[in-house]
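> Take a look at the following structure, please.
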Amino acid sequence: MPSKERTIFLADCRSFYASVEKADNPELIDKPVAVAGDPARRSGIILAACPLAKARGVTTAERLGDALGKCRDLVVVRPRMQHYIDVSLQITQIYETYTSLVEPYSIDEQFIDVTDSLHLYGDAQTTAHLMQQEVLALTGIYTRFGISHNKILAKQACDNYAKKNDSGLYVLRRGELADSLWQLPINKMFMVGGRMTNHFVRMGIHTIGDLARMPLP
């Protein structure tokens, strides 16, 4: 990235609620874990599922009964929202040791502007890796980092790439958009849901690149 261009991270905690429960209860590390409404009554929806549970077909927002049908040995934990908020604030404080420009986006996602502090740690990926390792060491939570020159692209770098590679890091560079992000289906664009996808498709817009290349008028 050019030295004068902004460097923005979107840091995302993997399976946040479930990861907090595993960090607090080491006996759960190798078990499929989900956080849901009422385990005793087998009711409510799945709020978070760990990677082991997701590999068995458990998905966020599905009914607990359906999840148990797919994964009979699923360990279901009641949510502890205040504790999750406390851990989220702890992670914010870790990021704030690298830069004062930290903006929580949700309980498990934060935007981080490291433009003026990169020179202290190295390049963007090195800095993100340091943050990733410190959060893991202090909280037990694994984080993924999308890296780009603005918040929207950092978010898309995280969701579409960093979450799917082994390092949990991905740099989405301005000059490479046409060969990377623009190749993805339009529903992979940040804030494009099902109804908007259908609207775009009716207009002949099938990829993010189709939209990016369309003249504004």
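Naming works like this for the structure tokens: A, B, ... for the chains as they're shown, residue 1 at the start of each chain, ligands 1 onward in shown order.
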Give me the residues near stretch 171-187 of chain A as an MDAnalysis selection string, where near means some atom within 9 Å (using only C-alpha atoms) and where sequence neighbours in that chain fewer than 2 positions away do not count.

chainID A and resid 1 124:125 145:149 153:154 156:158 160:162 169 189:194 196:197 200:201 205:212

> Excluding A:Val135 and residues on its chain fewer than 2 positions from it, collect all residues at most 12 Å away from it, counting only C-alpha atoms, and give them as a PyMOL selection string.

chain A and resi 11-14+20+23+87-97+128-133+137-144

> Would you put the residues from that selection into a file with N, CA, C and O atoms, as a compact mmCIF listing (two decimals), in the first residue's frame?


```txt
# COMPACT_ATOMS: atom_id res chain seq x y z
N ALA A 11 -11.57 -5.95 12.25
CA ALA A 11 -11.22 -7.12 13.05
C ALA A 11 -12.50 -7.81 13.50
O ALA A 11 -13.39 -7.18 14.08
N ASP A 12 -12.59 -9.10 13.25
CA ASP A 12 -13.78 -9.88 13.55
C ASP A 12 -13.41 -11.07 14.44
O ASP A 12 -12.44 -11.78 14.16
N CYS A 13 -14.17 -11.27 15.50
CA CYS A 13 -13.94 -12.41 16.39
C CYS A 13 -14.70 -13.63 15.87
O CYS A 13 -15.92 -13.57 15.67
N ARG A 14 -14.01 -14.73 15.66
CA ARG A 14 -14.64 -15.93 15.12
C ARG A 14 -15.58 -16.56 16.15
O ARG A 14 -15.19 -16.82 17.29
N VAL A 20 -15.89 -17.41 23.49
CA VAL A 20 -15.75 -16.96 24.88
C VAL A 20 -16.04 -18.12 25.83
O VAL A 20 -15.31 -18.34 26.81
N ALA A 23 -13.12 -20.46 25.81
CA ALA A 23 -11.97 -19.89 26.50
C ALA A 23 -12.14 -19.99 28.01
O ALA A 23 -11.16 -20.21 28.75
N VAL A 87 -15.83 -8.91 27.58
CA VAL A 87 -14.71 -9.42 26.78
C VAL A 87 -14.50 -8.55 25.55
O VAL A 87 -13.37 -8.25 25.17
N SER A 88 -15.60 -8.12 24.93
CA SER A 88 -15.49 -7.23 23.77
C SER A 88 -14.77 -5.94 24.14
O SER A 88 -13.90 -5.46 23.39
N LEU A 89 -15.10 -5.37 25.29
CA LEU A 89 -14.43 -4.15 25.74
C LEU A 89 -12.96 -4.40 26.04
O LEU A 89 -12.10 -3.53 25.79
N GLN A 90 -12.65 -5.58 26.55
CA GLN A 90 -11.24 -5.94 26.79
C GLN A 90 -10.47 -5.97 25.48
O GLN A 90 -9.34 -5.50 25.39
N ILE A 91 -11.10 -6.53 24.43
CA ILE A 91 -10.45 -6.60 23.12
C ILE A 91 -10.26 -5.19 22.55
O ILE A 91 -9.21 -4.88 21.97
N THR A 92 -11.26 -4.33 22.73
CA THR A 92 -11.12 -2.93 22.31
C THR A 92 -9.90 -2.30 22.96
O THR A 92 -9.10 -1.60 22.31
N GLN A 93 -9.73 -2.54 24.25
CA GLN A 93 -8.59 -1.96 24.97
C GLN A 93 -7.26 -2.47 24.44
O GLN A 93 -6.27 -1.73 24.40
N ILE A 94 -7.23 -3.73 24.00
CA ILE A 94 -6.00 -4.27 23.40
C ILE A 94 -5.69 -3.51 22.12
O ILE A 94 -4.55 -3.07 21.89
N TYR A 95 -6.69 -3.33 21.26
CA TYR A 95 -6.47 -2.60 20.01
C TYR A 95 -6.04 -1.16 20.28
O TYR A 95 -5.24 -0.59 19.53
N GLU A 96 -6.55 -0.58 21.36
CA GLU A 96 -6.23 0.81 21.67
C GLU A 96 -4.79 1.00 22.13
O GLU A 96 -4.31 2.13 22.21
N THR A 97 -4.09 -0.09 22.41
CA THR A 97 -2.66 0.04 22.71
C THR A 97 -1.85 0.22 21.43
O THR A 97 -0.68 0.60 21.47
N ALA A 128 -1.38 -6.40 12.01
CA ALA A 128 -2.59 -7.19 12.26
C ALA A 128 -2.25 -8.50 12.94
O ALA A 128 -2.97 -8.95 13.85
N HIS A 129 -1.17 -9.13 12.52
CA HIS A 129 -0.76 -10.40 13.14
C HIS A 129 -0.41 -10.21 14.61
O HIS A 129 -0.78 -11.05 15.46
N LEU A 130 0.26 -9.12 14.93
CA LEU A 130 0.59 -8.84 16.33
C LEU A 130 -0.68 -8.68 17.16
O LEU A 130 -0.79 -9.22 18.27
N MET A 131 -1.65 -7.93 16.63
CA MET A 131 -2.92 -7.76 17.33
C MET A 131 -3.63 -9.10 17.50
O MET A 131 -4.16 -9.42 18.58
N GLN A 132 -3.66 -9.87 16.43
CA GLN A 132 -4.32 -11.17 16.44
C GLN A 132 -3.74 -12.07 17.53
O GLN A 132 -4.48 -12.71 18.30
N GLN A 133 -2.41 -12.12 17.62
CA GLN A 133 -1.75 -12.98 18.59
C GLN A 133 -1.95 -12.48 20.01
O GLN A 133 -2.11 -13.29 20.95
N ALA A 137 -3.78 -14.52 22.98
CA ALA A 137 -3.06 -14.83 24.22
C ALA A 137 -3.80 -14.34 25.46
O ALA A 137 -3.82 -15.01 26.50
N LEU A 138 -4.44 -13.17 25.37
CA LEU A 138 -5.05 -12.56 26.54
C LEU A 138 -6.51 -12.95 26.75
O LEU A 138 -7.02 -12.87 27.88
N THR A 139 -7.20 -13.36 25.69
CA THR A 139 -8.62 -13.68 25.83
C THR A 139 -8.99 -15.08 25.36
O THR A 139 -10.08 -15.57 25.68
N GLY A 140 -8.12 -15.71 24.56
CA GLY A 140 -8.46 -17.01 23.99
C GLY A 140 -9.33 -16.92 22.76
O GLY A 140 -9.80 -17.95 22.25
N ILE A 141 -9.54 -15.71 22.24
CA ILE A 141 -10.42 -15.50 21.09
C ILE A 141 -9.58 -15.36 19.82
O ILE A 141 -8.63 -14.57 19.77
N TYR A 142 -9.94 -16.10 18.78
CA TYR A 142 -9.26 -16.00 17.48
C TYR A 142 -9.95 -14.93 16.64
O TYR A 142 -11.18 -14.93 16.51
N THR A 143 -9.17 -14.03 16.08
CA THR A 143 -9.71 -12.92 15.30
C THR A 143 -9.21 -12.99 13.86
O THR A 143 -8.13 -13.49 13.58
N ARG A 144 -10.04 -12.43 12.95
CA ARG A 144 -9.67 -12.32 11.53
C ARG A 144 -9.63 -10.84 11.17
O ARG A 144 -10.44 -10.05 11.67
```

> Using Å and a single decimal, report how far atom CA of A:Lys155 sits from atom CA of A:Arg202.

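These two atoms are separated by 26.1 Å.
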
> Using the chain letters and numbers from this document, which residues of stretch 25-176 of chain A does DSSP assign to helix (DSSP H, G or I), as a PyMOL selection string?

chain A and resi 26-28+51-55+64-70+81-95+118-121+124-139+151-160+162-164+174-176

> Measuring atom to atom with only C-alpha atoms, identify which of A:Cys50, A:Thr127, A:Asp108, A:Glu103 is nearest to A:Ile29.

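So, comparing all the options, the nearest one is A:Cys50.
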
> I'd like to know which residues of stretch 121-152 of chain A are strand (DSSP E) (by DSSP, run on the backbone); could you write them as a list of chain:residue names?

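Assigned to strand (DSSP E), within stretch 121-152 of chain A: A:Thr143, A:Arg144, A:Phe145, A:Gly146, A:Ile147, A:Ser148.
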